[in-house]
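> So here's model37.pdb, just PDB, C-alpha atoms and all ligand atoms:
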ATOM      1  CA  MET A   1     -76.551 -16.809  69.414  1.00  0.00           C
ATOM      2  CA  PRO A   2     -73.914 -14.587  67.778  1.00  0.00           C
ATOM      3  CA  MET A   3     -71.437 -13.001  70.179  1.00  0.00           C
ATOM      4  CA  ILE A   4     -72.645  -9.481  69.438  1.00  0.00           C
ATOM      5  CA  ALA A   5     -76.267 -10.394  70.282  1.00  0.00           C
ATOM      6  CA  MET A   6     -75.118 -11.892  73.573  1.00  0.00           C
ATOM      7  CA  ILE A   7     -73.148  -8.766  74.444  1.00  0.00           C
ATOM      8  CA  ASP A   8     -76.221  -6.679  73.570  1.00  0.00           C
ATOM      9  CA  ARG A   9     -78.412  -8.715  75.904  1.00  0.00           C
ATOM     10  CA  LEU A  10     -75.941  -8.492  78.752  1.00  0.00           C
ATOM     11  CA  LEU A  11     -75.566  -4.741  78.294  1.00  0.00           C
ATOM     12  CA  ALA A  12     -79.345  -4.317  78.180  1.00  0.00           C
ATOM     13  CA  LEU A  13     -79.610  -6.172  81.464  1.00  0.00           C
ATOM     14  CA  PHE A  14     -77.278  -3.827  83.332  1.00  0.00           C
ATOM     15  CA  PHE A  15     -77.785  -0.647  81.347  1.00  0.00           C
ATOM     16  CA  PRO A  16     -81.358  -0.549  80.012  1.00  0.00           C
ATOM     17  CA  GLU A  17     -81.413   1.201  76.656  1.00  0.00           C
ATOM     18  CA  THR A  18     -83.209   4.451  76.072  1.00  0.00           C
ATOM     19  CA  CYS A  19     -84.296   5.749  72.668  1.00  0.00           C
ATOM     20  CA  TYR A  20     -81.706   8.028  70.995  1.00  0.00           C
ATOM     21  CA  GLY A  21     -84.564  10.243  69.853  1.00  0.00           C
ATOM     22  CA  CYS A  22     -86.952  10.621  72.787  1.00  0.00           C
ATOM     23  CA  GLN A  23     -85.267   8.802  75.721  1.00  0.00           C
ATOM     24  CA  THR A  24     -88.152   6.316  76.084  1.00  0.00           C
ATOM     25  CA  ALA A  25     -86.796   3.345  78.052  1.00  0.00           C
ATOM     26  CA  GLY A  26     -86.489  -0.150  76.645  1.00  0.00           C
ATOM     27  CA  THR A  27     -85.293   0.457  73.080  1.00  0.00           C
ATOM     28  CA  ALA A  28     -82.447   2.210  71.247  1.00  0.00           C
ATOM     29  CA  LEU A  29     -84.803   3.572  68.596  1.00  0.00           C
ATOM     30  CA  CYS A  30     -88.535   3.529  69.276  1.00  0.00           C
ATOM     31  CA  PRO A  31     -91.112   2.988  66.500  1.00  0.00           C
ATOM     32  CA  ALA A  32     -92.419   6.560  66.861  1.00  0.00           C
ATOM     33  CA  CYS A  33     -88.960   8.103  66.302  1.00  0.00           C
ATOM     34  CA  ILE A  34     -88.196   5.779  63.372  1.00  0.00           C
ATOM     35  CA  GLY A  35     -91.560   6.732  61.899  1.00  0.00           C
ATOM     36  CA  HIS A  36     -90.351  10.341  61.723  1.00  0.00           C
ATOM     37  CA  ILE A  37     -87.242   9.477  59.711  1.00  0.00           C
ATOM     38  CA  PRO A  38     -88.127   9.743  56.025  1.00  0.00           C
ATOM     39  CA  LEU A  39     -87.413   6.602  54.016  1.00  0.00           C
ATOM     40  CA  ALA A  40     -84.974   7.154  51.175  1.00  0.00           C
ATOM     41  CA  LEU A  41     -86.045   5.925  47.759  1.00  0.00           C
ATOM     42  CA  PRO A  42     -84.106   3.817  45.257  1.00  0.00           C
ATOM     43  CA  ILE A  43     -80.983   5.567  44.055  1.00  0.00           C
ATOM     44  CA  GLU A  44     -82.158   6.680  40.657  1.00  0.00           C
ATOM     45  CA  ASN A  45     -80.001   6.226  37.593  1.00  0.00           C
ATOM     46  CA  GLN A  46     -77.549   3.972  39.362  1.00  0.00           C
ATOM     47  CA  GLY A  47     -79.072   0.613  38.503  1.00  0.00           C
ATOM     48  CA  HIS A  48     -80.519  -1.714  41.096  1.00  0.00           C
ATOM     49  CA  ALA A  49     -79.375   0.058  44.229  1.00  0.00           C
ATOM     50  CA  ILE A  50     -81.306   1.245  47.263  1.00  0.00           C
ATOM     51  CA  ALA A  51     -80.380   2.973  50.506  1.00  0.00           C
ATOM     52  CA  LEU A  52     -83.065   2.942  53.175  1.00  0.00           C
ATOM     53  CA  PHE A  53     -82.357   6.171  55.049  1.00  0.00           C
ATOM     54  CA  ASP A  54     -80.489   9.445  54.710  1.00  0.00           C
ATOM     55  CA  TYR A  55     -77.215   9.342  56.690  1.00  0.00           C
ATOM     56  CA  GLY A  56     -77.649  13.075  57.252  1.00  0.00           C
ATOM     57  CA  HIS A  57     -80.480  12.387  59.727  1.00  0.00           C
ATOM     58  CA  PRO A  58     -78.988  12.500  63.258  1.00  0.00           C
ATOM     59  CA  LEU A  59     -80.725   9.314  64.447  1.00  0.00           C
ATOM     60  CA  VAL A  60     -79.521   7.373  61.393  1.00  0.00           C
ATOM     61  CA  ARG A  61     -75.977   8.696  61.893  1.00  0.00           C
ATOM     62  CA  GLN A  62     -76.036   7.661  65.544  1.00  0.00           C
ATOM     63  CA  ALA A  63     -77.341   4.164  64.707  1.00  0.00           C
ATOM     64  CA  VAL A  64     -74.527   3.679  62.149  1.00  0.00           C
ATOM     65  CA  TRP A  65     -71.872   4.948  64.564  1.00  0.00           C
ATOM     66  CA  GLU A  66     -73.070   2.915  67.524  1.00  0.00           C
ATOM     67  CA  LEU A  67     -72.818  -0.255  65.444  1.00  0.00           C
ATOM     68  CA  LYS A  68     -69.527   0.553  63.766  1.00  0.00           C
ATOM     69  CA  TYR A  69     -67.590   1.916  66.703  1.00  0.00           C
ATOM     70  CA  HIS A  70     -69.380   0.684  69.837  1.00  0.00           C
ATOM     71  CA  ARG A  71     -70.800  -2.615  68.569  1.00  0.00           C
ATOM     72  CA  LYS A  72     -74.296  -1.688  69.671  1.00  0.00           C
ATOM     73  CA  SER A  73     -76.568  -3.210  67.089  1.00  0.00           C
ATOM     74  CA  SER A  74     -80.137  -2.671  68.262  1.00  0.00           C
ATOM     75  CA  ALA A  75     -80.819   0.752  66.666  1.00  0.00           C
ATOM     76  CA  MET A  76     -79.423  -0.341  63.311  1.00  0.00           C
ATOM     77  CA  LYS A  77     -81.429  -3.546  63.456  1.00  0.00           C
ATOM     78  CA  ALA A  78     -84.587  -1.536  64.179  1.00  0.00           C
ATOM     79  CA  LEU A  79     -83.887   0.591  61.075  1.00  0.00           C
ATOM     80  CA  VAL A  80     -83.462  -2.502  58.877  1.00  0.00           C
ATOM     81  CA  GLN A  81     -86.652  -4.044  60.223  1.00  0.00           C
ATOM     82  CA  HIS A  82     -88.547  -0.811  59.637  1.00  0.00           C
ATOM     83  CA  GLY A  83     -87.488  -0.936  55.977  1.00  0.00           C
ATOM     84  CA  THR A  84     -88.641  -4.530  55.424  1.00  0.00           C
ATOM     85  CA  GLU A  85     -91.573  -3.737  53.133  1.00  0.00           C
ATOM     86  CA  THR A  86     -89.558  -1.328  51.017  1.00  0.00           C
ATOM     87  CA  LEU A  87     -86.793  -3.914  50.639  1.00  0.00           C
ATOM     88  CA  HIS A  88     -89.271  -6.659  49.718  1.00  0.00           C
ATOM     89  CA  ALA A  89     -90.742  -4.517  46.982  1.00  0.00           C
ATOM     90  CA  PHE A  90     -87.289  -3.467  45.775  1.00  0.00           C
ATOM     91  CA  VAL A  91     -85.980  -7.033  45.487  1.00  0.00           C
ATOM     92  CA  GLN A  92     -89.198  -8.333  43.966  1.00  0.00           C
ATOM     93  CA  ASP A  93     -89.081  -5.576  41.412  1.00  0.00           C
ATOM     94  CA  PHE A  94     -85.911  -6.714  39.713  1.00  0.00           C
ATOM     95  CA  SER A  95     -85.518 -10.377  40.636  1.00  0.00           C
ATOM     96  CA  LYS A  96     -86.971 -13.008  38.329  1.00  0.00           C
ATOM     97  CA  LYS A  97     -89.445 -15.568  39.615  1.00  0.00           C
ATOM     98  CA  GLY A  98     -87.600 -18.458  41.261  1.00  0.00           C
ATOM     99  CA  GLN A  99     -84.201 -16.762  40.872  1.00  0.00           C
ATOM    100  CA  HIS A 100     -81.600 -17.622  43.511  1.00  0.00           C
ATOM    101  CA  ILE A 101     -80.733 -14.548  45.554  1.00  0.00           C
ATOM    102  CA  VAL A 102     -77.409 -14.271  47.357  1.00  0.00           C
ATOM    103  CA  LEU A 103     -76.633 -11.419  49.769  1.00  0.00           C
ATOM    104  CA  VAL A 104     -72.945 -10.484  49.578  1.00  0.00           C
ATOM    105  CA  PRO A 105     -71.580  -8.360  52.453  1.00  0.00           C
ATOM    106  CA  ILE A 106     -68.850  -5.834  51.690  1.00  0.00           C
ATOM    107  CA  PRO A 107     -65.701  -7.359  53.170  1.00  0.00           C
ATOM    108  CA  GLN A 108     -63.361  -5.657  55.564  1.00  0.00           C
ATOM    109  CA  TYR A 109     -59.632  -5.764  55.355  1.00  0.00           C
ATOM    110  CA  ARG A 110     -58.482  -8.370  57.873  1.00  0.00           C
ATOM    111  CA  THR A 111     -56.799  -6.028  60.308  1.00  0.00           C
ATOM    112  CA  LYS A 112     -59.964  -3.904  60.498  1.00  0.00           C
ATOM    113  CA  THR A 113     -62.110  -6.955  61.239  1.00  0.00           C
ATOM    114  CA  PHE A 114     -59.672  -7.964  63.962  1.00  0.00           C
ATOM    115  CA  SER A 115     -59.620  -4.567  65.587  1.00  0.00           C
ATOM    116  CA  ARG A 116     -63.407  -4.305  65.624  1.00  0.00           C
ATOM    117  CA  GLY A 117     -64.047  -7.995  66.042  1.00  0.00           C
ATOM    118  CA  PHE A 118     -66.850  -8.129  63.522  1.00  0.00           C
ATOM    119  CA  ASN A 119     -67.938  -6.979  60.101  1.00  0.00           C
ATOM    120  CA  GLN A 120     -71.007  -4.743  60.313  1.00  0.00           C
ATOM    121  CA  SER A 121     -72.005  -5.434  56.692  1.00  0.00           C
ATOM    122  CA  ALA A 122     -72.087  -9.175  57.395  1.00  0.00           C
ATOM    123  CA  LEU A 123     -74.290  -8.554  60.409  1.00  0.00           C
ATOM    124  CA  ILE A 124     -76.675  -6.403  58.327  1.00  0.00           C
ATOM    125  CA  ALA A 125     -76.744  -9.132  55.643  1.00  0.00           C
ATOM    126  CA  ARG A 126     -77.855 -11.668  58.249  1.00  0.00           C
ATOM    127  CA  TRP A 127     -80.701  -9.398  59.397  1.00  0.00           C
ATOM    128  CA  LEU A 128     -81.764  -8.890  55.781  1.00  0.00           C
ATOM    129  CA  GLN A 129     -81.708 -12.620  55.183  1.00  0.00           C
ATOM    130  CA  SER A 130     -84.263 -13.024  57.961  1.00  0.00           C
ATOM    131  CA  VAL A 131     -86.646 -10.424  56.484  1.00  0.00           C
ATOM    132  CA  ILE A 132     -86.283 -11.080  52.723  1.00  0.00           C
ATOM    133  CA  PRO A 133     -87.571 -14.580  51.920  1.00  0.00           C
ATOM    134  CA  ASP A 134     -85.489 -17.128  50.005  1.00  0.00           C
ATOM    135  CA  THR A 135     -82.151 -15.376  50.341  1.00  0.00           C
ATOM    136  CA  VAL A 136     -78.829 -16.710  51.572  1.00  0.00           C
ATOM    137  CA  VAL A 137     -75.737 -14.851  52.802  1.00  0.00           C
ATOM    138  CA  GLN A 138     -72.392 -15.698  51.224  1.00  0.00           C
ATOM    139  CA  SER A 139     -69.191 -13.819  52.007  1.00  0.00           C
ATOM    140  CA  LEU A 140     -67.868 -14.131  48.460  1.00  0.00           C
ATOM    141  CA  LEU A 141     -65.550 -11.135  48.485  1.00  0.00           C
ATOM    142  CA  ALA A 142     -62.224 -10.390  50.145  1.00  0.00           C
ATOM    143  CA  LYS A 143     -60.357  -7.120  50.362  1.00  0.00           C
ATOM    144  CA  THR A 144     -56.970  -7.361  48.746  1.00  0.00           C
ATOM    145  CA  ARG A 145     -55.589  -4.317  50.506  1.00  0.00           C
ATOM    146  CA  SER A 146     -56.580  -1.681  53.019  1.00  0.00           C
ATOM    147  CA  THR A 147     -58.344   1.418  51.724  1.00  0.00           C
ATOM    148  CA  ILE A 148     -59.064   4.700  53.429  1.00  0.00           C
ATOM    149  CA  PRO A 149     -62.746   5.521  54.022  1.00  0.00           C
ATOM    150  CA  GLN A 150     -64.186   6.978  50.804  1.00  0.00           C
ATOM    151  CA  ALA A 151     -65.489   9.978  52.734  1.00  0.00           C
ATOM    152  CA  HIS A 152     -61.882  10.944  53.568  1.00  0.00           C
ATOM    153  CA  THR A 153     -60.761  11.080  49.951  1.00  0.00           C
ATOM    154  CA  LYS A 154     -60.312  14.500  48.468  1.00  0.00           C
ATOM    155  CA  SER A 155     -60.889  14.136  44.765  1.00  0.00           C
ATOM    156  CA  ARG A 156     -62.781  11.932  42.363  1.00  0.00           C
ATOM    157  CA  GLN A 157     -59.475  10.651  41.043  1.00  0.00           C
ATOM    158  CA  GLN A 158     -58.255   9.746  44.511  1.00  0.00           C
ATOM    159  CA  ARG A 159     -61.538   7.983  45.208  1.00  0.00           C
ATOM    160  CA  LEU A 160     -61.243   5.867  42.089  1.00  0.00           C
ATOM    161  CA  ARG A 161     -57.598   5.047  42.808  1.00  0.00           C
ATOM    162  CA  ASN A 162     -58.450   4.207  46.426  1.00  0.00           C
ATOM    163  CA  GLN A 163     -60.953   1.503  45.440  1.00  0.00           C
ATOM    164  CA  TYR A 164     -59.331   0.294  42.222  1.00  0.00           C
ATOM    165  CA  HIS A 165     -58.993  -3.478  42.406  1.00  0.00           C
ATOM    166  CA  ALA A 166     -59.256  -3.363  46.208  1.00  0.00           C
ATOM    167  CA  MET A 167     -61.510  -6.433  46.235  1.00  0.00           C
ATOM    168  CA  CYS A 168     -61.477  -9.881  44.712  1.00  0.00           C
ATOM    169  CA  ILE A 169     -63.592 -12.998  44.714  1.00  0.00           C
ATOM    170  CA  LYS A 170     -62.561 -15.564  47.344  1.00  0.00           C
ATOM    171  CA  ASN A 171     -60.937 -18.822  46.213  1.00  0.00           C
ATOM    172  CA  ASP A 172     -61.183 -17.990  42.508  1.00  0.00           C
ATOM    173  CA  GLN A 173     -64.812 -19.095  42.460  1.00  0.00           C
ATOM    174  CA  THR A 174     -66.946 -18.933  39.344  1.00  0.00           C
ATOM    175  CA  LEU A 175     -70.347 -17.367  39.956  1.00  0.00           C
ATOM    176  CA  ASP A 176     -73.660 -18.428  38.458  1.00  0.00           C
ATOM    177  CA  PRO A 177     -74.791 -16.049  35.681  1.00  0.00           C
ATOM    178  CA  HIS A 178     -78.471 -16.693  36.536  1.00  0.00           C
ATOM    179  CA  THR A 179     -78.237 -15.923  40.276  1.00  0.00           C
ATOM    180  CA  LEU A 180     -78.980 -12.440  41.612  1.00  0.00           C
ATOM    181  CA  TYR A 181     -76.156 -11.117  43.803  1.00  0.00           C
ATOM    182  CA  ILE A 182     -77.071  -8.244  46.122  1.00  0.00           C
ATOM    183  CA  ILE A 183     -74.156  -6.334  47.643  1.00  0.00           C
ATOM    184  CA  ILE A 184     -74.801  -5.297  51.272  1.00  0.00           C
ATOM    185  CA  ASP A 185     -73.185  -2.272  52.921  1.00  0.00           C
ATOM    186  CA  ASP A 186     -73.989  -0.056  55.906  1.00  0.00           C
ATOM    187  CA  VAL A 187     -73.562   3.303  54.169  1.00  0.00           C
ATOM    188  CA  ILE A 188     -73.151   4.179  50.488  1.00  0.00           C
ATOM    189  CA  THR A 189     -71.042   7.325  50.372  1.00  0.00           C
ATOM    190  CA  THR A 190     -69.654   7.831  46.884  1.00  0.00           C
ATOM    191  CA  GLY A 191     -70.631   4.410  45.588  1.00  0.00           C
ATOM    192  CA  GLY A 192     -66.988   3.543  44.924  1.00  0.00           C
ATOM    193  CA  THR A 193     -67.011   0.569  47.287  1.00  0.00           C
ATOM    194  CA  VAL A 194     -70.196  -0.856  45.779  1.00  0.00           C
ATOM    195  CA  ASN A 195     -68.779  -0.273  42.325  1.00  0.00           C
ATOM    196  CA  GLU A 196     -65.613  -2.189  43.173  1.00  0.00           C
ATOM    197  CA  ALA A 197     -67.611  -5.079  44.690  1.00  0.00           C
ATOM    198  CA  SER A 198     -69.772  -5.162  41.583  1.00  0.00           C
ATOM    199  CA  ARG A 199     -66.674  -5.280  39.354  1.00  0.00           C
ATOM    200  CA  ALA A 200     -65.251  -8.235  41.315  1.00  0.00           C
ATOM    201  CA  LEU A 201     -68.557 -10.148  41.145  1.00  0.00           C
ATOM    202  CA  ARG A 202     -68.926  -9.470  37.435  1.00  0.00           C
ATOM    203  CA  ALA A 203     -65.340 -10.557  36.745  1.00  0.00           C
ATOM    204  CA  ALA A 204     -66.199 -13.889  38.423  1.00  0.00           C
ATOM    205  CA  GLY A 205     -69.179 -14.448  36.137  1.00  0.00           C
ATOM    206  CA  ALA A 206     -72.115 -12.717  37.884  1.00  0.00           C
ATOM    207  CA  ARG A 207     -74.563 -11.083  35.457  1.00  0.00           C
ATOM    208  CA  HIS A 208     -77.328  -9.910  37.810  1.00  0.00           C
ATOM    209  CA  ILE A 209     -76.150  -7.552  40.548  1.00  0.00           C
ATOM    210  CA  GLY A 210     -77.899  -5.190  42.956  1.00  0.00           C
ATOM    211  CA  ALA A 211     -77.011  -3.278  46.120  1.00  0.00           C
ATOM    212  CA  ILE A 212     -78.705  -2.524  49.444  1.00  0.00           C
ATOM    213  CA  ALA A 213     -77.369  -0.088  52.043  1.00  0.00           C
ATOM    214  CA  VAL A 214     -79.012   1.016  55.265  1.00  0.00           C
ATOM    215  CA  ALA A 215     -78.087   4.640  54.589  1.00  0.00           C
ATOM    216  CA  HIS A 216     -76.689   6.907  51.904  1.00  0.00           C
ATOM    217  CA  GLY A 217     -74.204   9.589  52.830  1.00  0.00           C
ATOM    218  CA  TYR A 218     -73.813  11.600  49.654  1.00  0.00           C
ATOM    219  CA  ALA A 219     -74.794  15.238  49.597  1.00  0.00           C
ATOM    220  CA  ASP A 220     -75.254  15.285  45.852  1.00  0.00           C
ATOM    221  CA  LYS A 221     -76.406  12.358  43.758  1.00  0.00           C
ATOM    222  CA  SER A 222     -74.310  13.498  40.831  1.00  0.00           C
ATOM    223  CA  ALA A 223     -71.209  12.709  42.932  1.00  0.00           C
ATOM    224  CA  LEU A 224     -72.021   8.997  42.802  1.00  0.00           C
ATOM    225  CA  THR A 225     -69.436   7.084  40.838  1.00  0.00           C
ATOM    226  CA  PHE A 226     -71.135   3.758  40.310  1.00  0.00           C
ATOM    227  CA  ARG A 227     -73.673   2.136  38.126  1.00  0.00           C
ATOM    228  CA  ILE A 228     -74.645  -1.495  38.601  1.00  0.00           C
ATOM    229  CA  SER A 229     -77.323  -3.716  37.131  1.00  0.00           C
TER
HETATM  230 ZN    ZN B 301     -88.056   7.515  70.432  1.00  0.00          ZN
END
Please express what this file holds, its structure, as structure tokens.
Ligand SMILES: [Zn+2]


Amino acid sequence: MPMIAMIDRLLALFFPETCYGCQTAGTALCPACIGHIPLALPIENQGHAIALFDYGHPLVRQAVWELKYHRKSSAMKALVQHGTETLHAFVQDFSKKGQHIVLVPIPQYRTKTFSRGFNQSALIARWLQSVIPDTVVQSLLAKTRSTIPQAHTKSRQQRLRNQYHAMCIKNDQTLDPHTLYIIIDDVITTGGTVNEASRALRAAGARHIGAIAVAHGYADKSALTFRIS
């Protein structure tokens, strides 16, 4: 059992969870509350990318924060599981029959991983692997330098500079041009991170690329800076 799941179980034993939305005991996000959060649709005009929920919704924001900063994973996991059917349909829509599908978590710069002890995108990728059939998780990417969160950047130019060549493929691998690589992130804000991951995968030989995020945090779709396919 992964460390984070063990910590979750121990915490649940001593501090039973209550739903962030309605305070029902026994779960961090109950099915009724999740049912009231509207599902986001594929991110139009940006290629094969989807974000399940709007980050602007308070329950989604809390689920993202609890995972990222307090290592509490159950609400986020409930959101991913709620989106299973949507994700199935999304992946089926653009994958070819029999195509290998690899889920590629967005990497964290090493010092960030050490300070938090885990990479939330890798955790999300593992949950997705268990709900989308015939997929594997491979951490193909590494961050070459630390970047500031895209949401803290002030201009489009700064955003582009912030992400420019911030990621590379691990061990100089060559990727299979027939495999579908799906980039996994917790939140798509400007799309700059996904764009940079896509560039690194493409440079290593990937030709089929998609992206899945649990939430999107942009206020205006026209602010998105990426396009992948
Ligand atoms: Zn509830």

> Give the answer as one residue: which of A:Gly205, A:Pro31, A:Gly98, A:Gly191 has the shortest atom-to-atom distance to Thr174 of chain A, using only C-alpha atoms?

A:Gly205

> Where does the PyMOL selection byres (((not hetatm)) within 12 of (chain B and resi 301)) land in this file, that is, which residues does it pick, as a list in words?

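That expression, the PyMOL selection byres (((not hetatm)) within 12 of (chain B and resi 301)), corresponds here to Glu17, Thr18, Cys19, Tyr20, Gly21, Cys22, Gln23, Thr24, Ala25, Gly26, Thr27, Ala28, Leu29, Cys30, Pro31, Ala32, Cys33, Ile34, Gly35, His36, Ile37, Leu59, Ala75 and Ala78 of chain A.
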
> Just want the 9 Å neighbourhood of Ile124 of chain A, counted on all atoms listed in the file, with same-chain residues fewer than 4 positions away dropped. Output as a list in words.

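Listed by chain and then number, they are Met76, Lys77, Val80, Pro105, Asn119, Gln120, Leu128, Gln129, Ile184, Asp185, Asp186, Ala213 and Val214 of chain A.
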
> Please produce a file of those selected residues containing C-alpha atoms, as a PDB file, in the coordinates of the input.


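File written: again.pdb
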ATOM      1  CA  MET A  76     -79.423  -0.341  63.311  1.00  0.00           C
ATOM      2  CA  LYS A  77     -81.429  -3.546  63.456  1.00  0.00           C
ATOM      3  CA  VAL A  80     -83.462  -2.502  58.877  1.00  0.00           C
ATOM      4  CA  PRO A 105     -71.580  -8.360  52.453  1.00  0.00           C
ATOM      5  CA  ASN A 119     -67.938  -6.979  60.101  1.00  0.00           C
ATOM      6  CA  GLN A 120     -71.007  -4.743  60.313  1.00  0.00           C
ATOM      7  CA  LEU A 128     -81.764  -8.890  55.781  1.00  0.00           C
ATOM      8  CA  GLN A 129     -81.708 -12.620  55.183  1.00  0.00           C
ATOM      9  CA  ILE A 184     -74.801  -5.297  51.272  1.00  0.00           C
ATOM     10  CA  ASP A 185     -73.185  -2.272  52.921  1.00  0.00           C
ATOM     11  CA  ASP A 186     -73.989  -0.056  55.906  1.00  0.00           C
ATOM     12  CA  ALA A 213     -77.369  -0.088  52.043  1.00  0.00           C
ATOM     13  CA  VAL A 214     -79.012   1.016  55.265  1.00  0.00           C
TER      14      VAL A 214
END

> Counting only C-alpha atoms, I want the residues whose atoms come within 9 Å of (-74.6, -9.3, 47.9) in the file frame, returned as a PDB file with C-alpha atoms, in the frame of the given file.


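Result file is point34.pdb:
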ATOM      1  CA  ILE A 101     -80.733 -14.548  45.554  1.00  0.00           C
ATOM      2  CA  VAL A 102     -77.409 -14.271  47.357  1.00  0.00           C
ATOM      3  CA  LEU A 103     -76.633 -11.419  49.769  1.00  0.00           C
ATOM      4  CA  VAL A 104     -72.945 -10.484  49.578  1.00  0.00           C
ATOM      5  CA  PRO A 105     -71.580  -8.360  52.453  1.00  0.00           C
ATOM      6  CA  ILE A 106     -68.850  -5.834  51.690  1.00  0.00           C
ATOM      7  CA  ALA A 125     -76.744  -9.132  55.643  1.00  0.00           C
ATOM      8  CA  VAL A 137     -75.737 -14.851  52.802  1.00  0.00           C
ATOM      9  CA  GLN A 138     -72.392 -15.698  51.224  1.00  0.00           C
ATOM     10  CA  SER A 139     -69.191 -13.819  52.007  1.00  0.00           C
ATOM     11  CA  LEU A 140     -67.868 -14.131  48.460  1.00  0.00           C
ATOM     12  CA  LEU A 180     -78.980 -12.440  41.612  1.00  0.00           C
ATOM     13  CA  TYR A 181     -76.156 -11.117  43.803  1.00  0.00           C
ATOM     14  CA  ILE A 182     -77.071  -8.244  46.122  1.00  0.00           C
ATOM     15  CA  ILE A 183     -74.156  -6.334  47.643  1.00  0.00           C
ATOM     16  CA  ILE A 184     -74.801  -5.297  51.272  1.00  0.00           C
ATOM     17  CA  ASP A 185     -73.185  -2.272  52.921  1.00  0.00           C
ATOM     18  CA  ALA A 197     -67.611  -5.079  44.690  1.00  0.00           C
ATOM     19  CA  SER A 198     -69.772  -5.162  41.583  1.00  0.00           C
ATOM     20  CA  ILE A 209     -76.150  -7.552  40.548  1.00  0.00           C
ATOM     21  CA  GLY A 210     -77.899  -5.190  42.956  1.00  0.00           C
ATOM     22  CA  ALA A 211     -77.011  -3.278  46.120  1.00  0.00           C
ATOM     23  CA  ILE A 212     -78.705  -2.524  49.444  1.00  0.00           C
TER      24      ILE A 212
END

> Could you check how far atom CA of Arg202 of chain A sits from atom CA of Ile132 of chain A, in Å to one decimal?

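The value is 23.2 Å.
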
> Work out how far atom CA of Val131 of chain A is from atom CA of Phe90 of chain A, in Å to one decimal.

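Atom CA of Phe90 of chain A sits 12.8 Å away from atom CA of Val131 of chain A.
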
> Give me, as a ChimeraX atom specification, all polymer residues having an atom no more than 10 Å from Arg61 of chain A, counting only C-alpha atoms and skipping those fewer than 5 positions away in the same chain.

/A:53-56,66,76,187,215,217

> Expressed in Å to a single decimal, how great is the separation between atom CA of Arg207 of chain A and atom CA of Asp176 of chain A?

8.0 Å

> Run the PyMOL selection byres (((chain A and resi 142) around 7) and not hetatm) mentally over the shown coordinates, then write out the matched residues as an MDAnalysis selection string, using the chain letters and numbers from the document.

chainID A and resid 107 140:141 143:144 167:170

> In terms of the shortest atom-to-atom distance over all atoms listed in the file, which of A:Gln173, A:Thr135, A:Asn195, A:Thr86 is closest to Ala40 of chain A?

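The answer is A:Thr86, which sits nearest to Ala40 of chain A.
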
> Which residue out of A:Val194, A:Ala51, A:Ala122, A:Met6 has the minimum interatomic distance to Leu87 of chain A when all atoms listed in the file are used?

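The answer is A:Ala51, which sits nearest to Leu87 of chain A.
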
> Compare A:Thr189, A:His178, A:Ser73, A:His216 by their minimum atom-to-atom distance to Pro2 of chain A, counting only C-alpha atoms, and give me the closest one.

A:Ser73

> When distances are computed from only C-alpha atoms, which of A:Phe15, A:Ala49, A:Gln99, A:Ser74 shows the smallest separation from Ile188 of chain A?

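Comparing A:Phe15, A:Ala49, A:Gln99, A:Ser74 against Ile188 of chain A, the winner is A:Ala49.
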
> Could you check the closest approach to His48 of chain A for each of A:Ser95, A:Thr193, A:Trp65, A:His70 and tell me which residue wins, using all atoms listed in the file?

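The shortest atom-to-atom distance to His48 of chain A comes from A:Ser95.
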
> So that I can see what lies close to His88 of chain A, please list as JSON, numbers by chain the residues with an atom at most 10 Å from it, counting all atoms listed in the file and leaving out residues fewer than 3 positions away in the same chain.

{"A": [83, 84, 85, 91, 92, 93, 128, 131, 132, 133]}
